[in-house]
Structure formats: C-alpha cells, structure tokens
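With CSV, C-alpha atoms inside, this is data.csv:
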```csv
chain,number,residue,atom,x,y,z
A,275,MET,CA,123.5,21.1,127.3
A,276,GLN,CA,120.4,18.9,126.9
A,277,GLY,CA,117.2,20.4,128.1
A,278,GLU,CA,118.4,24.0,128.3
A,279,VAL,CA,116.2,27.0,127.2
A,280,SER,CA,116.8,30.7,127.2
A,281,VAL,CA,114.8,32.5,129.8
A,282,ASP,CA,115.1,36.3,130.0
A,283,GLY,CA,118.4,36.1,128.1
A,284,HIS,CA,120.0,33.5,130.4
A,285,MET,CA,120.5,29.8,129.9
A,286,ALA,CA,118.2,27.8,132.2
A,287,ALA,CA,118.4,24.0,132.7
A,288,GLY,CA,116.4,21.6,134.8
A,289,LEU,CA,112.7,21.7,135.0
A,290,LEU,CA,112.3,25.1,133.3
A,291,GLY,CA,114.2,23.6,130.4
A,292,GLY,CA,111.5,21.0,130.0
A,293,ILE,CA,108.5,23.2,129.5
A,294,ARG,CA,107.4,25.3,126.5
A,295,ARG,CA,109.8,28.1,125.9
A,296,ASP,CA,107.1,30.8,125.4
A,297,ILE,CA,105.5,29.8,128.7
A,298,ALA,CA,108.7,29.8,130.6
A,299,GLN,CA,109.3,33.3,129.3
A,300,LEU,CA,106.0,34.8,130.3
A,301,PRO,CA,106.7,37.8,132.5
A,302,GLU,CA,105.3,38.2,136.0
A,303,SER,CA,102.4,40.6,136.2
A,304,GLY,CA,103.7,44.0,137.1
A,305,ILE,CA,100.6,44.6,139.2
A,306,VAL,CA,101.0,41.3,141.1
A,307,GLU,CA,104.6,42.0,141.8
A,308,VAL,CA,103.7,45.2,143.7
A,309,VAL,CA,100.8,43.4,145.4
A,310,ASN,CA,103.1,40.6,146.6
A,311,ALA,CA,105.6,43.2,147.9
A,312,GLY,CA,102.9,44.8,150.1
A,313,ARG,CA,100.6,41.9,151.0
A,314,GLY,CA,100.0,41.7,154.7
A,315,LYS,CA,101.6,45.1,155.4
A,316,PRO,CA,99.9,46.6,158.5
A,317,GLY,CA,97.7,49.6,157.8
A,318,LEU,CA,98.1,49.4,154.0
A,319,ILE,CA,95.5,51.0,151.9
A,320,PRO,CA,95.3,48.8,148.7
A,321,LEU,CA,94.2,50.7,145.6
A,322,TRP,CA,96.2,48.6,143.2
A,323,VAL,CA,93.7,46.1,141.9
A,324,GLY,CA,90.2,46.5,140.3
A,325,GLU,CA,87.9,46.0,143.3
A,326,GLY,CA,86.3,48.1,146.0
A,327,ASP,CA,86.1,47.7,149.7
A,328,GLN,CA,82.6,46.5,149.9
A,329,PRO,CA,81.9,42.7,150.3
A,330,THR,CA,79.4,40.9,148.1
A,331,PRO,CA,75.8,41.9,149.1
A,332,ALA,CA,74.3,39.4,151.5
A,333,PHE,CA,71.4,38.4,149.3
A,334,ILE,CA,73.8,37.0,146.8
A,335,GLY,CA,75.7,34.9,149.3
A,336,GLU,CA,72.4,33.7,150.8
A,337,ALA,CA,71.2,32.4,147.4
A,338,ALA,CA,74.5,30.5,147.0
A,339,ASN,CA,74.3,29.2,150.5
A,340,ARG,CA,70.7,27.9,149.9
A,341,ALA,CA,71.8,26.1,146.8
A,342,LEU,CA,74.8,24.6,148.6
A,343,ALA,CA,72.6,23.4,151.5
A,344,GLU,CA,70.2,21.9,148.9
A,345,GLY,CA,73.1,19.8,147.5
A,346,GLN,CA,73.8,21.7,144.3
A,347,THR,CA,77.3,20.4,144.3
A,348,PHE,CA,77.4,18.0,141.3
A,349,TYR,CA,78.8,18.3,137.7
A,350,THR,CA,76.6,20.8,135.8
A,351,TRP,CA,75.8,22.3,132.5
A,352,GLN,CA,79.1,23.3,130.7
A,353,ARG,CA,77.5,26.3,129.2
A,354,GLY,CA,75.9,27.4,132.5
A,355,ILE,CA,72.7,26.5,134.3
A,356,PRO,CA,69.6,27.4,132.3
A,357,PRO,CA,68.2,29.9,134.9
A,358,LEU,CA,71.5,31.9,134.9
A,359,ARG,CA,71.7,31.9,131.1
A,360,GLU,CA,68.1,33.1,130.9
A,361,ALA,CA,68.7,35.8,133.5
A,362,LEU,CA,71.9,36.9,131.7
A,363,ALA,CA,70.1,37.1,128.3
A,364,GLY,CA,67.4,39.3,129.9
A,365,TYR,CA,70.0,41.5,131.6
A,366,VAL,CA,72.3,41.9,128.6
A,367,GLY,CA,69.3,42.6,126.3
A,368,ARG,CA,68.1,45.4,128.7
A,369,ILE,CA,71.5,47.0,128.9
A,370,ALA,CA,72.2,46.8,125.2
A,371,GLY,CA,68.7,47.7,124.1
A,372,THR,CA,68.3,44.6,122.0
A,373,THR,CA,67.2,41.0,122.2
A,374,VAL,CA,69.7,38.3,123.1
A,375,SER,CA,68.8,34.6,123.1
A,376,PRO,CA,70.0,32.5,126.1
A,377,SER,CA,71.5,30.1,123.6
A,378,ARG,CA,74.1,32.8,122.9
A,379,ILE,CA,75.2,33.0,126.5
A,380,TYR,CA,78.1,30.9,127.9
A,381,VAL,CA,79.0,31.1,131.6
A,382,THR,CA,82.7,31.1,132.5
A,383,ILE,CA,85.1,31.1,135.5
A,384,GLY,CA,85.4,34.9,135.6
A,385,GLY,CA,86.0,37.3,132.8
A,386,MET,CA,89.6,36.1,132.5
A,387,GLN,CA,88.5,32.6,131.5
A,388,ALA,CA,86.1,34.2,129.0
A,389,ILE,CA,89.0,35.9,127.4
A,390,MET,CA,91.3,32.9,127.6
A,391,MET,CA,88.8,30.5,125.9
A,392,THR,CA,88.1,33.1,123.3
A,393,MET,CA,91.8,33.4,122.5
A,394,GLN,CA,92.1,29.6,122.4
A,395,ALA,CA,89.3,29.6,119.9
A,396,LEU,CA,90.5,32.4,117.6
A,397,VAL,CA,94.3,32.7,117.8
A,398,GLY,CA,97.0,30.3,116.6
A,399,PRO,CA,100.8,30.5,116.1
A,400,GLY,CA,101.7,33.7,114.2
A,401,ASP,CA,98.2,35.3,114.4
A,402,GLU,CA,97.9,38.9,115.6
A,403,VAL,CA,95.5,40.6,117.9
A,404,VAL,CA,95.3,44.4,117.5
A,405,LEU,CA,94.4,46.4,120.7
A,406,PRO,CA,94.5,49.9,122.0
A,407,ALA,CA,97.0,50.5,124.8
A,408,PRO,CA,97.6,51.1,127.6
A,409,VAL,CA,95.3,48.1,128.4
A,410,TRP,CA,94.7,45.5,131.1
A,411,PRO,CA,97.9,43.5,131.0
A,412,ASN,CA,96.4,40.0,131.1
A,413,ILE,CA,95.3,40.2,127.5
A,414,PHE,CA,98.9,40.3,126.3
A,415,SER,CA,99.7,37.0,128.0
A,416,ALA,CA,96.4,35.4,126.9
A,417,VAL,CA,97.3,36.0,123.3
A,418,GLU,CA,100.9,34.8,123.8
A,419,ILE,CA,99.7,31.6,125.5
A,420,ALA,CA,97.6,30.9,122.5
A,421,GLY,CA,100.7,31.3,120.3
A,422,GLY,CA,99.8,34.7,118.8
A,423,ARG,CA,101.3,38.2,119.2
A,424,THR,CA,99.7,41.5,120.2
A,425,VAL,CA,99.9,44.7,118.1
A,426,PRO,CA,99.3,47.7,120.5
A,427,VAL,CA,97.9,50.9,119.1
A,428,PRO,CA,98.4,53.9,121.5
A,429,ILE,CA,95.6,55.8,123.0
A,430,GLY,CA,96.2,59.5,123.3
A,431,VAL,CA,94.7,62.5,125.1
A,432,GLU,CA,92.7,64.9,123.0
A,433,ASN,CA,90.8,67.9,124.4
A,434,GLY,CA,91.0,66.5,127.9
A,435,HIS,CA,89.8,63.0,127.1
A,436,TRP,CA,91.5,59.7,126.2
A,437,ARG,CA,90.9,59.1,122.5
A,438,LEU,CA,91.7,56.4,120.0
A,439,ASP,CA,92.7,57.3,116.4
A,440,LEU,CA,90.6,54.9,114.3
A,441,ASP,CA,92.7,55.4,111.2
A,442,ARG,CA,95.7,54.3,113.2
A,443,LEU,CA,93.8,51.3,114.6
A,444,PHE,CA,92.8,50.2,111.1
A,445,ALA,CA,96.3,50.7,109.7
A,446,ALA,CA,97.7,48.4,112.3
A,447,CYS,CA,95.6,45.5,110.9
A,448,GLY,CA,97.5,43.3,108.5
A,449,PRO,CA,97.1,39.9,106.8
A,450,ARG,CA,97.7,38.0,110.1
A,451,THR,CA,95.2,40.0,112.1
A,452,ARG,CA,92.6,37.7,113.6
A,453,ALA,CA,90.9,40.0,116.1
A,454,LEU,CA,90.6,43.4,117.6
A,455,PHE,CA,90.5,43.4,121.4
A,456,LEU,CA,88.6,46.4,122.6
A,457,ASN,CA,88.2,47.1,126.3
A,458,SER,CA,85.7,50.0,126.6
A,459,PRO,CA,85.3,51.6,129.1
A,460,GLY,CA,89.0,50.9,129.4
A,461,ASN,CA,91.3,49.7,132.1
A,462,PRO,CA,93.4,51.6,133.1
A,463,THR,CA,92.5,54.9,131.4
A,464,GLY,CA,88.7,55.0,131.4
A,465,TRP,CA,88.8,55.6,127.7
A,466,THR,CA,85.3,54.8,126.2
A,467,LEU,CA,84.3,54.2,122.6
A,468,THR,CA,81.4,56.2,121.2
A,469,ALA,CA,78.5,54.5,119.4
A,470,GLU,CA,79.8,56.1,116.1
A,471,GLU,CA,83.3,54.7,116.6
A,472,GLN,CA,81.8,51.2,117.3
A,473,LYS,CA,79.8,51.4,114.1
A,474,ALA,CA,83.0,52.3,112.1
A,475,ILE,CA,84.9,49.5,113.7
A,476,LEU,CA,82.2,47.0,113.0
A,477,ASP,CA,82.0,48.0,109.4
A,478,PHE,CA,85.7,47.7,109.0
A,479,CYS,CA,85.9,44.3,110.6
A,480,ARG,CA,83.0,43.0,108.5
A,481,ARG,CA,84.9,44.1,105.3
A,482,ARG,CA,88.1,42.4,106.5
A,483,GLY,CA,86.6,39.3,108.2
A,484,ILE,CA,88.3,40.3,111.5
A,485,TRP,CA,86.8,39.3,114.8
A,486,ILE,CA,85.9,41.8,117.5
A,487,VAL,CA,86.5,40.7,121.1
A,488,ALA,CA,84.7,43.4,123.1
A,489,ASP,CA,85.5,43.5,126.9
A,490,GLU,CA,82.5,45.4,128.3
A,491,VAL,CA,83.3,44.7,131.9
A,492,TYR,CA,82.9,48.3,132.9
A,493,ALA,CA,79.9,49.2,130.8
A,494,ARG,CA,77.8,50.2,133.8
A,495,PHE,CA,80.6,52.4,135.3
A,496,VAL,CA,80.1,55.5,133.2
A,497,TYR,CA,79.4,59.0,134.6
A,498,ASP,CA,77.6,61.0,131.9
A,499,ARG,CA,75.0,58.4,130.7
A,500,PRO,CA,73.2,55.3,132.1
A,501,VAL,CA,75.5,52.8,130.3
A,502,ALA,CA,78.4,52.7,127.8
A,503,PRO,CA,77.7,51.9,124.2
A,504,SER,CA,77.7,48.1,123.4
A,505,PHE,CA,78.6,46.3,120.2
A,506,LEU,CA,75.6,44.1,120.8
A,507,SER,CA,73.4,47.1,120.1
A,508,ILE,CA,74.5,47.3,116.5
A,509,ALA,CA,75.8,43.9,115.6
A,510,ALA,CA,73.9,41.0,114.1
A,511,PRO,CA,74.0,37.5,115.7
A,512,GLU,CA,76.0,36.2,112.8
A,513,ASP,CA,78.7,38.9,113.1
A,514,ARG,CA,82.2,37.9,114.1
A,515,LEU,CA,81.7,39.4,117.6
A,516,VAL,CA,82.5,38.0,121.0
A,517,VAL,CA,81.5,40.1,124.1
A,518,VAL,CA,83.1,39.1,127.4
A,519,ASN,CA,81.9,40.2,130.8
A,520,THR,CA,82.0,39.4,134.5
A,521,PHE,CA,80.1,39.5,137.8
A,522,SER,CA,83.2,40.9,139.5
A,523,LYS,CA,82.7,44.6,139.2
A,524,ASN,CA,78.9,45.3,139.1
A,525,TRP,CA,78.0,43.2,142.1
A,526,ALA,CA,81.3,43.2,144.1
A,527,MET,CA,82.0,39.5,143.3
A,528,THR,CA,85.7,39.5,142.4
A,529,GLY,CA,86.4,36.4,144.5
A,530,TRP,CA,83.5,34.4,143.1
A,531,ARG,CA,85.1,34.0,139.7
A,532,ILE,CA,82.0,34.0,137.5
A,533,GLY,CA,81.8,35.6,134.1
A,534,TRP,CA,80.1,35.1,130.7
A,535,VAL,CA,80.5,35.3,127.0
A,536,VAL,CA,77.9,36.5,124.4
A,537,ALA,CA,78.6,35.1,121.0
A,538,SER,CA,76.9,33.4,118.1
A,539,GLU,CA,74.9,30.2,118.6
A,540,GLU,CA,77.3,28.6,116.1
A,541,LEU,CA,80.0,28.8,118.7
A,542,GLY,CA,78.0,27.0,121.3
A,543,GLN,CA,79.7,23.7,121.0
A,544,VAL,CA,83.1,25.4,120.7
A,545,TYR,CA,82.7,27.1,124.1
A,546,GLU,CA,81.1,24.0,125.6
A,547,ASN,CA,84.1,21.9,124.6
A,548,LEU,CA,86.6,24.5,125.8
A,549,GLN,CA,84.8,24.8,129.1
A,550,GLN,CA,84.8,21.0,129.5
A,551,PHE,CA,88.5,20.7,128.7
A,552,ASN,CA,89.5,23.6,130.9
A,553,THR,CA,87.4,23.4,134.1
A,554,SER,CA,84.3,21.2,133.5
A,555,GLY,CA,82.1,24.1,134.4
A,556,VAL,CA,81.3,26.8,137.0
A,557,PRO,CA,80.2,25.5,140.4
A,558,THR,CA,76.4,25.2,140.4
A,559,PHE,CA,75.7,26.8,143.8
A,560,LEU,CA,77.8,29.8,142.9
A,561,GLN,CA,75.7,30.2,139.7
A,562,HIS,CA,72.5,30.4,141.8
A,563,GLY,CA,74.1,33.3,143.6
A,564,ALA,CA,74.8,35.0,140.3
A,565,VAL,CA,71.1,34.6,139.4
A,566,ALA,CA,70.2,36.5,142.6
A,567,ALA,CA,72.7,39.2,141.7
A,568,ILE,CA,70.9,39.8,138.4
A,569,GLU,CA,67.4,39.6,139.7
A,570,GLN,CA,67.9,41.7,142.9
A,571,GLY,CA,71.1,43.7,142.4
A,572,GLU,CA,70.1,46.7,140.3
A,573,SER,CA,70.0,49.1,143.2
A,574,PHE,CA,73.4,47.9,144.4
A,575,ILE,CA,74.9,48.6,141.0
A,576,GLN,CA,73.4,52.1,141.0
A,577,SER,CA,74.8,52.7,144.5
A,578,GLN,CA,78.2,51.5,143.3
A,579,VAL,CA,78.2,53.9,140.3
A,580,ASP,CA,77.1,56.9,142.4
A,581,ARG,CA,79.8,56.0,145.0
A,582,CYS,CA,82.5,55.8,142.3
A,583,ARG,CA,81.4,59.1,140.7
A,584,THR,CA,81.9,60.9,144.1
A,585,ALA,CA,85.2,59.1,144.6
A,586,ARG,CA,86.5,60.0,141.2
A,587,ASP,CA,85.9,63.7,141.8
A,588,LEU,CA,87.4,63.5,145.3
A,589,VAL,CA,90.6,61.8,144.0
A,590,ILE,CA,91.0,64.1,141.1
A,591,GLY,CA,90.5,67.2,143.3
A,592,ARG,CA,93.0,66.0,145.9
A,593,LEU,CA,95.7,64.9,143.5
A,594,SER,CA,95.4,68.1,141.5
A,595,GLU,CA,96.8,69.8,144.6
A,596,SER,CA,100.2,68.4,143.7
A,597,PRO,CA,102.0,70.5,141.1
A,598,ARG,CA,103.8,67.3,139.9
A,599,VAL,CA,100.7,65.3,139.1
A,600,ARG,CA,99.4,65.3,135.5
A,601,LEU,CA,96.0,63.6,135.0
A,602,THR,CA,93.1,63.1,132.6
A,603,ARG,CA,89.5,62.7,133.9
A,604,PRO,CA,88.3,59.2,133.0
A,605,ASP,CA,85.0,58.9,131.2
A,606,GLY,CA,84.3,55.4,132.5
A,607,ALA,CA,85.6,52.5,134.7
A,608,PHE,CA,86.9,53.3,138.2
A,609,TYR,CA,90.6,54.0,137.7
A,610,LEU,CA,92.7,57.2,137.6
A,611,PHE,CA,95.7,56.8,135.4
A,612,PHE,CA,98.1,59.7,136.2
A,613,ARG,CA,101.7,60.8,135.8
A,614,VAL,CA,104.1,62.3,138.3
A,615,GLU,CA,106.6,64.7,136.9
A,616,GLY,CA,110.2,63.6,137.4
A,617,GLU,CA,109.2,60.0,138.0
A,618,PRO,CA,109.8,58.0,134.8
A,619,ASP,CA,110.1,54.6,136.5
A,620,SER,CA,106.6,53.7,137.6
A,621,ARG,CA,107.6,50.3,139.1
A,622,ALA,CA,110.1,52.1,141.4
A,623,LEU,CA,107.6,54.8,142.3
A,624,ALA,CA,104.9,52.3,143.1
A,625,LEU,CA,107.3,50.4,145.4
A,626,ARG,CA,108.5,53.6,147.0
A,627,LEU,CA,104.9,54.8,147.7
A,628,LEU,CA,104.1,51.4,149.1
A,629,HIS,CA,106.8,51.8,151.8
A,630,GLU,CA,106.7,55.6,152.3
A,631,ALA,CA,102.9,56.2,152.1
A,632,ASN,CA,101.6,52.7,152.9
A,633,VAL,CA,99.3,53.0,149.8
A,634,GLY,CA,99.3,50.4,147.1
A,635,LEU,CA,99.1,51.6,143.5
A,636,ALA,CA,99.7,49.7,140.2
A,637,PRO,CA,102.7,50.7,138.1
A,638,GLY,CA,101.8,52.0,134.6
A,639,SER,CA,104.5,49.9,133.0
A,640,ALA,CA,102.4,46.9,133.6
A,641,PHE,CA,99.8,48.1,131.1
A,642,GLY,CA,102.0,48.0,128.0
A,643,PRO,CA,103.0,50.7,125.6
A,644,GLY,CA,102.1,54.2,126.7
A,645,GLY,CA,101.8,53.1,130.3
A,646,GLU,CA,105.3,53.7,131.7
A,647,GLY,CA,105.6,56.9,133.8
A,648,HIS,CA,102.0,56.5,135.0
A,649,LEU,CA,100.3,55.0,138.1
A,650,ARG,CA,96.9,53.4,138.3
A,651,LEU,CA,94.7,54.1,141.3
A,652,CYS,CA,91.4,52.3,141.8
A,653,PHE,CA,88.9,54.7,143.3
A,654,ALA,CA,86.1,52.1,143.9
A,655,GLY,CA,86.3,52.7,147.6
A,656,SER,CA,84.8,54.7,150.5
A,657,VAL,CA,85.3,58.4,150.7
A,658,GLU,CA,86.9,57.9,154.1
A,659,ARG,CA,89.5,55.4,152.9
A,660,LEU,CA,90.3,57.5,149.8
A,661,GLN,CA,90.7,60.7,151.9
A,662,THR,CA,93.2,58.9,154.1
A,663,ALA,CA,95.1,57.6,151.1
A,664,MET,CA,95.3,61.1,149.6
A,665,ASP,CA,96.6,62.4,153.0
A,666,ARG,CA,99.4,59.9,152.8
A,667,LEU,CA,100.1,60.2,149.1
A,668,LEU,CA,100.4,64.0,148.6
A,669,PRO,CA,103.4,64.5,151.0
A,670,ALA,CA,105.1,61.6,149.3
A,671,LEU,CA,104.5,63.1,145.8
A,672,SER,CA,105.7,66.6,146.8
```

Starting from the file, give its structure as structure tokens.
Amino acid sequence: MQGEVSVDGHMAAGLLGGIRRDIAQLPESGIVEVVNAGRGKPGLIPLWVGEGDQPTPAFIGEAANRALAEGQTFYTWQRGIPPLREALAGYVGRIAGTTVSPSRIYVTIGGMQAIMMTMQALVGPGDEVVLPAPVWPNIFSAVEIAGGRTVPVPIGVENGHWRLDLDRLFAACGPRTRALFLNSPGNPTGWTLTAEEQKAILDFCRRRGIWIVADEVYARFVYDRPVAPSFLSIAAPEDRLVVVNTFSKNWAMTGWRIGWVVASEELGQVYENLQQFNTSGVPTFLQHGAVAAIEQGESFIQSQVDRCRTARDLVIGRLSESPRVRLTRPDGAFYLFFRVEGEPDSRALALRLLHEANVGLAPGSAFGPGGEGHLRLCFAGSVERLQTAMDRLLPALS
C-alpha cells in the first residue's frame, strides 16, 4: 500500500507513513513513560528525573525579570550575549584550572540542544558514536536522529566502584567511529573518569582522529574532591574536543533551558549556523539570569553539593536495610542506581512502586545495555522528603 512504513514490526499507513522511517521508529523515553503514568498523582514523591525540590534562587529570577522589564526581548546573538560568554569563560576556566577564551563558548537551549547540535555537526548516516553504558538515554536518540548508530561499552563494578575498561572502550572503536561520548560523572551510575583515564582517552583519540564529546554536567557534584576532572584541563584548543554543560543542575534551573558548549574557535560559525537554523538563539532576558547565576551563585552550588552528600548517605543507609537491594555507592552526580533481587523487569517494578508506594523512580531499562534490572533514584532533595520516600519504598521492596 502506498505510504506504508514498518513501525515496531507493524505496517502503519497514513500520516506516520509519510515521515522518515527512523524518526517514526524512535522509542518513547522509558523515563517519560513512567513520569506520564504518575503525573498529577496526589501525594506522589517524584524521584524519577534529574532535579531537586528547590526552586531557582531568587537572585537569578530577579536578574531575568530586570532584563525583561528593560525590554530585553529582541532577537539576539546566536552564540550567546557577550556578558554571558565572558562569565562562562571565567567560570569554566576556574573550574578546569585553565584559560578558556569567550570565543570558544556557545550558549544553547539547555544541555540537550548542546548535544543535539554537536551530533548534527559530527554524525552522518552510518557513523558510529562509542559510549559507556548505562547512560542517559537521550544520547541514543540524538545519534539516531543524526543518522548514526551508538556502540555501547558496558561499565562494570570493581572494588565497590563503577569502572570503565579502557581497553574495551578502545577496542569498540572501528573505522566508522566519529566520536566518543563520555558523561562523567555519569548519569545514572555516578561513574567518574580519573584524570589518568582522561589522558589515556585523549591520547587515543588524537592518534585515531576521533572526536571526544564530554558531557560534564555533573562536574561539581562529586563528594571526595572539589570538582571532577575535566578534559579541558589537559586538551589543547585545537583538539577534537567538545564539552557540553548546562545551568540546570548547579543552579536549580532545569526549567530555564540554558546550556553551553566549549569547543574550538574554528567551530564558531558552525554552532552559530546550527543555532540560527534550530532556534534563532536563547532568550536574552534568560541569559541575564544566567549571568547572575555565575556571578552570585557559588555558595548555592556548595550548599547543593553538601545537601546531596547528606542525601546520598541517607538513601544508601536506608535502602541497605532491605536484604533484596544491591547497590554501589556513586562517586559523583546525584543518583543511586540499584538492583532489587527477584525483579528483572525494571519498567514493571517502577510502575508497581508508583502505585503501591506513591514514589516515582526511573526504570533502568531506559538507560541502555546494562541498565535492565536496576532502578534510578534521584537524591537531590530534602532529607525530609527522602526519609518519607524510604519509609514508603522499603515495605514495597520487602
């Protein structure tokens, strides 16, 4: 029949038959499926997505409101307003212990658009992106939308920590490999690359001409040092390196949708063009709020990290009371990725806990190979909320 296309093994006609087959076949996010199932449920404790329970600090909103009141509502710089790029260059340089020029900073609609534009720039039909997994699921679809395919390399547990076998990572790189995607500290496991591992990866990619796309969103959320190692600390400006980040986590700005890219100046026109053709830029008044976040928000970040450290220990302590729970202490980020003995179907378990315990968790199956059989719990919340969640979960997991 004219216009038919196979979707999930079935023949579909009509409007679905008229769009790109690979787009029609994109799976629904396993996290969003559970969120939609519980959205609006009275008394629900949502620990399923990567955000805490604190609103954006008032000083950030006040800066954005001032810019809005001043009429900062027109088309703007595609690469980001100069004050924000300058502030970001200073911030990134301080954190990475290096010098970063504002001309290497490109402001985006959240970290997700930073990743999407990077995949649009790097990946074409048949290209491969190698990545450690389990990993944040959106990267799989970002690569597929660009026409490429992902090659997952499993992360394992060694001596009580999540670890990546670098030999296995390098062996997964073939002639079609365009990039390594490295989310460290990692979502959902908290896995974190060491500086020595980053150096080995950079040396390998230099020899092979492979791009590194480093997702350093959780770099501030580490619990045994001030900040996680950054590729920017060891790479040269001309290296094939793209570092993506966001305001969402550090400054509790998930709903603002502002992120950034650090890359070579040579890519400036590329990112400017992609921004123009995708969104025509980030709203100006929101960018002024982001400037305030950088300039005034350091104490808030430190309070967030301290809060998450306490929350991590609380959640691990409480869940360890269950003889069925198997967990590994995360080195970074703000998630606990744990297994429940006798529960191989994480989607079914997440939906059951949603209804029986009124707690929302993300199914491990959403995070790719190695994720099934696990649940992800976001502990970026108050002690009171997490204690209540544990009180509800433990009986349901008994």

Nearest to Glu546 in chain A: which of A:Val381, A:Ala361, A:Val403, A:Leu318 is it, counting only C-alpha atoms? A:Val381

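Considering all atoms listed in the file, the residue among A:Gly345, A:Gly324, A:Gly400, A:Gly421 positioned nearest to Tyr492 in chain A is A:Gly324.
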
Can you tell me which residues surround Thr558 in chain A at a distance of at most 10 Å, considering only C-alpha atoms, apart from same-chain residues fewer than 5 positions away, and format the answer as number ranges by chain? A: 338, 341-342, 345-351, 354-355, 358, 563-564

Suppose you want the space between CA of Asn412 in chain A and CA of Arg353 in chain A; what is it in Å? 23.4 Å

Within 10 Å of (79.7, 43.7, 142.7) (file coordinates; all atoms listed in the file), which protein or nucleic acid residues are there? I'd like them as a list in words.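 Output: Glu325, Gly326, Gln328, Pro329, Thr330, Pro331, Ile334, Thr520, Phe521, Ser522, Lys523, Asn524, Trp525, Ala526, Met527, Thr528, Ala567, Gly571, Phe574, Ile575 and Gln578 of chain A.
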
What separates CA of Ile419 in chain A and CA of Ser620 in chain A is a distance of 26.1 Å

For Ile484 in chain A, list every protein, DNA or RNA residue within 7 Å, evaluated using all atoms listed in the file, and leave out those in the same chain fewer than 4 positions away; present the list as a ChimeraX atom specification. /A:451-453,479-480

Which of these residues is nearest to Gly645 in chain A, using only C-alpha atoms: A:Val323, A:Leu362, A:Ala407, A:Met390?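 Of all the options, A:Ala407 lies closest to Gly645 in chain A.
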
Residues near Val501 in chain A, cut-off 12 Å, all atoms listed in the file, skip fewer than 4 positions along chain, as a PDB file with C-alpha atoms, in the coordinates of the input:
```
ATOM      1  CA  VAL A 366      72.300  41.900 128.600  1.00  0.00           C
ATOM      2  CA  ARG A 368      68.100  45.400 128.700  1.00  0.00           C
ATOM      3  CA  ILE A 369      71.500  47.000 128.900  1.00  0.00           C
ATOM      4  CA  ALA A 370      72.200  46.800 125.200  1.00  0.00           C
ATOM      5  CA  GLY A 371      68.700  47.700 124.100  1.00  0.00           C
ATOM      6  CA  SER A 458      85.700  50.000 126.600  1.00  0.00           C
ATOM      7  CA  PRO A 459      85.300  51.600 129.100  1.00  0.00           C
ATOM      8  CA  THR A 466      85.300  54.800 126.200  1.00  0.00           C
ATOM      9  CA  LEU A 467      84.300  54.200 122.600  1.00  0.00           C
ATOM     10  CA  THR A 468      81.400  56.200 121.200  1.00  0.00           C
ATOM     11  CA  ALA A 469      78.500  54.500 119.400  1.00  0.00           C
ATOM     12  CA  GLU A 490      82.500  45.400 128.300  1.00  0.00           C
ATOM     13  CA  VAL A 491      83.300  44.700 131.900  1.00  0.00           C
ATOM     14  CA  TYR A 492      82.900  48.300 132.900  1.00  0.00           C
ATOM     15  CA  ALA A 493      79.900  49.200 130.800  1.00  0.00           C
ATOM     16  CA  ARG A 494      77.800  50.200 133.800  1.00  0.00           C
ATOM     17  CA  PHE A 495      80.600  52.400 135.300  1.00  0.00           C
ATOM     18  CA  VAL A 496      80.100  55.500 133.200  1.00  0.00           C
ATOM     19  CA  TYR A 497      79.400  59.000 134.600  1.00  0.00           C
ATOM     20  CA  SER A 507      73.400  47.100 120.100  1.00  0.00           C
ATOM     21  CA  ILE A 575      74.900  48.600 141.000  1.00  0.00           C
ATOM     22  CA  GLN A 576      73.400  52.100 141.000  1.00  0.00           C
ATOM     23  CA  VAL A 579      78.200  53.900 140.300  1.00  0.00           C
ATOM     24  CA  ASP A 605      85.000  58.900 131.200  1.00  0.00           C
ATOM     25  CA  GLY A 606      84.300  55.400 132.500  1.00  0.00           C
ATOM     26  CA  ALA A 607      85.600  52.500 134.700  1.00  0.00           C
TER      27      ALA A 607
END
```

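Take the candidates A:Leu405, A:Ala445, A:Leu440, A:Leu541 and check each one against Asp489 in chain A using all atoms listed in the file; the shortest distance goes to A:Leu405.
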
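Of the residues under consideration (A:Pro462, A:Leu506, A:Ser303, A:Trp436), A:Leu506 shows the shortest atom-to-atom contact distance to Val518 in chain A when counting all atoms listed in the file.
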
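Residues in contact range of range 587-594 of chain A, defined as at most 8 Å between all atoms listed in the file, with sequence neighbours fewer than 6 positions away removed, read Arg600, Leu601, Arg603, Leu610, Phe653, Val657, Leu660, Gln661, Met664 and Leu668 of chain A.
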
Please, what distance in Å, to one decimal, runs between CA of Val633 in chain A and CA of Glu302 in chain A?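 Between CA of Val633 in chain A and CA of Glu302 in chain A the gap works out to 21.1 Å.
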
Given the choices A:Val417, A:Val374, A:Val309, A:Ile379, which gets closest to Gly542 in chain A if the distance is worked out from all atoms listed in the file?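 When distances to Gly542 in chain A are compared using all atoms listed in the file, the smallest one comes from A:Ile379.
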
Nearby residues (only C-alpha atoms) at most 7 Å from Thr382 in chain A, same-chain spacing under 4 positions excluded, as a list of chain:residue names: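 These residues fall inside the cut-off: A:Gln387, A:Ala388, A:Ile532, A:Gly533, A:Trp534, A:Val556.
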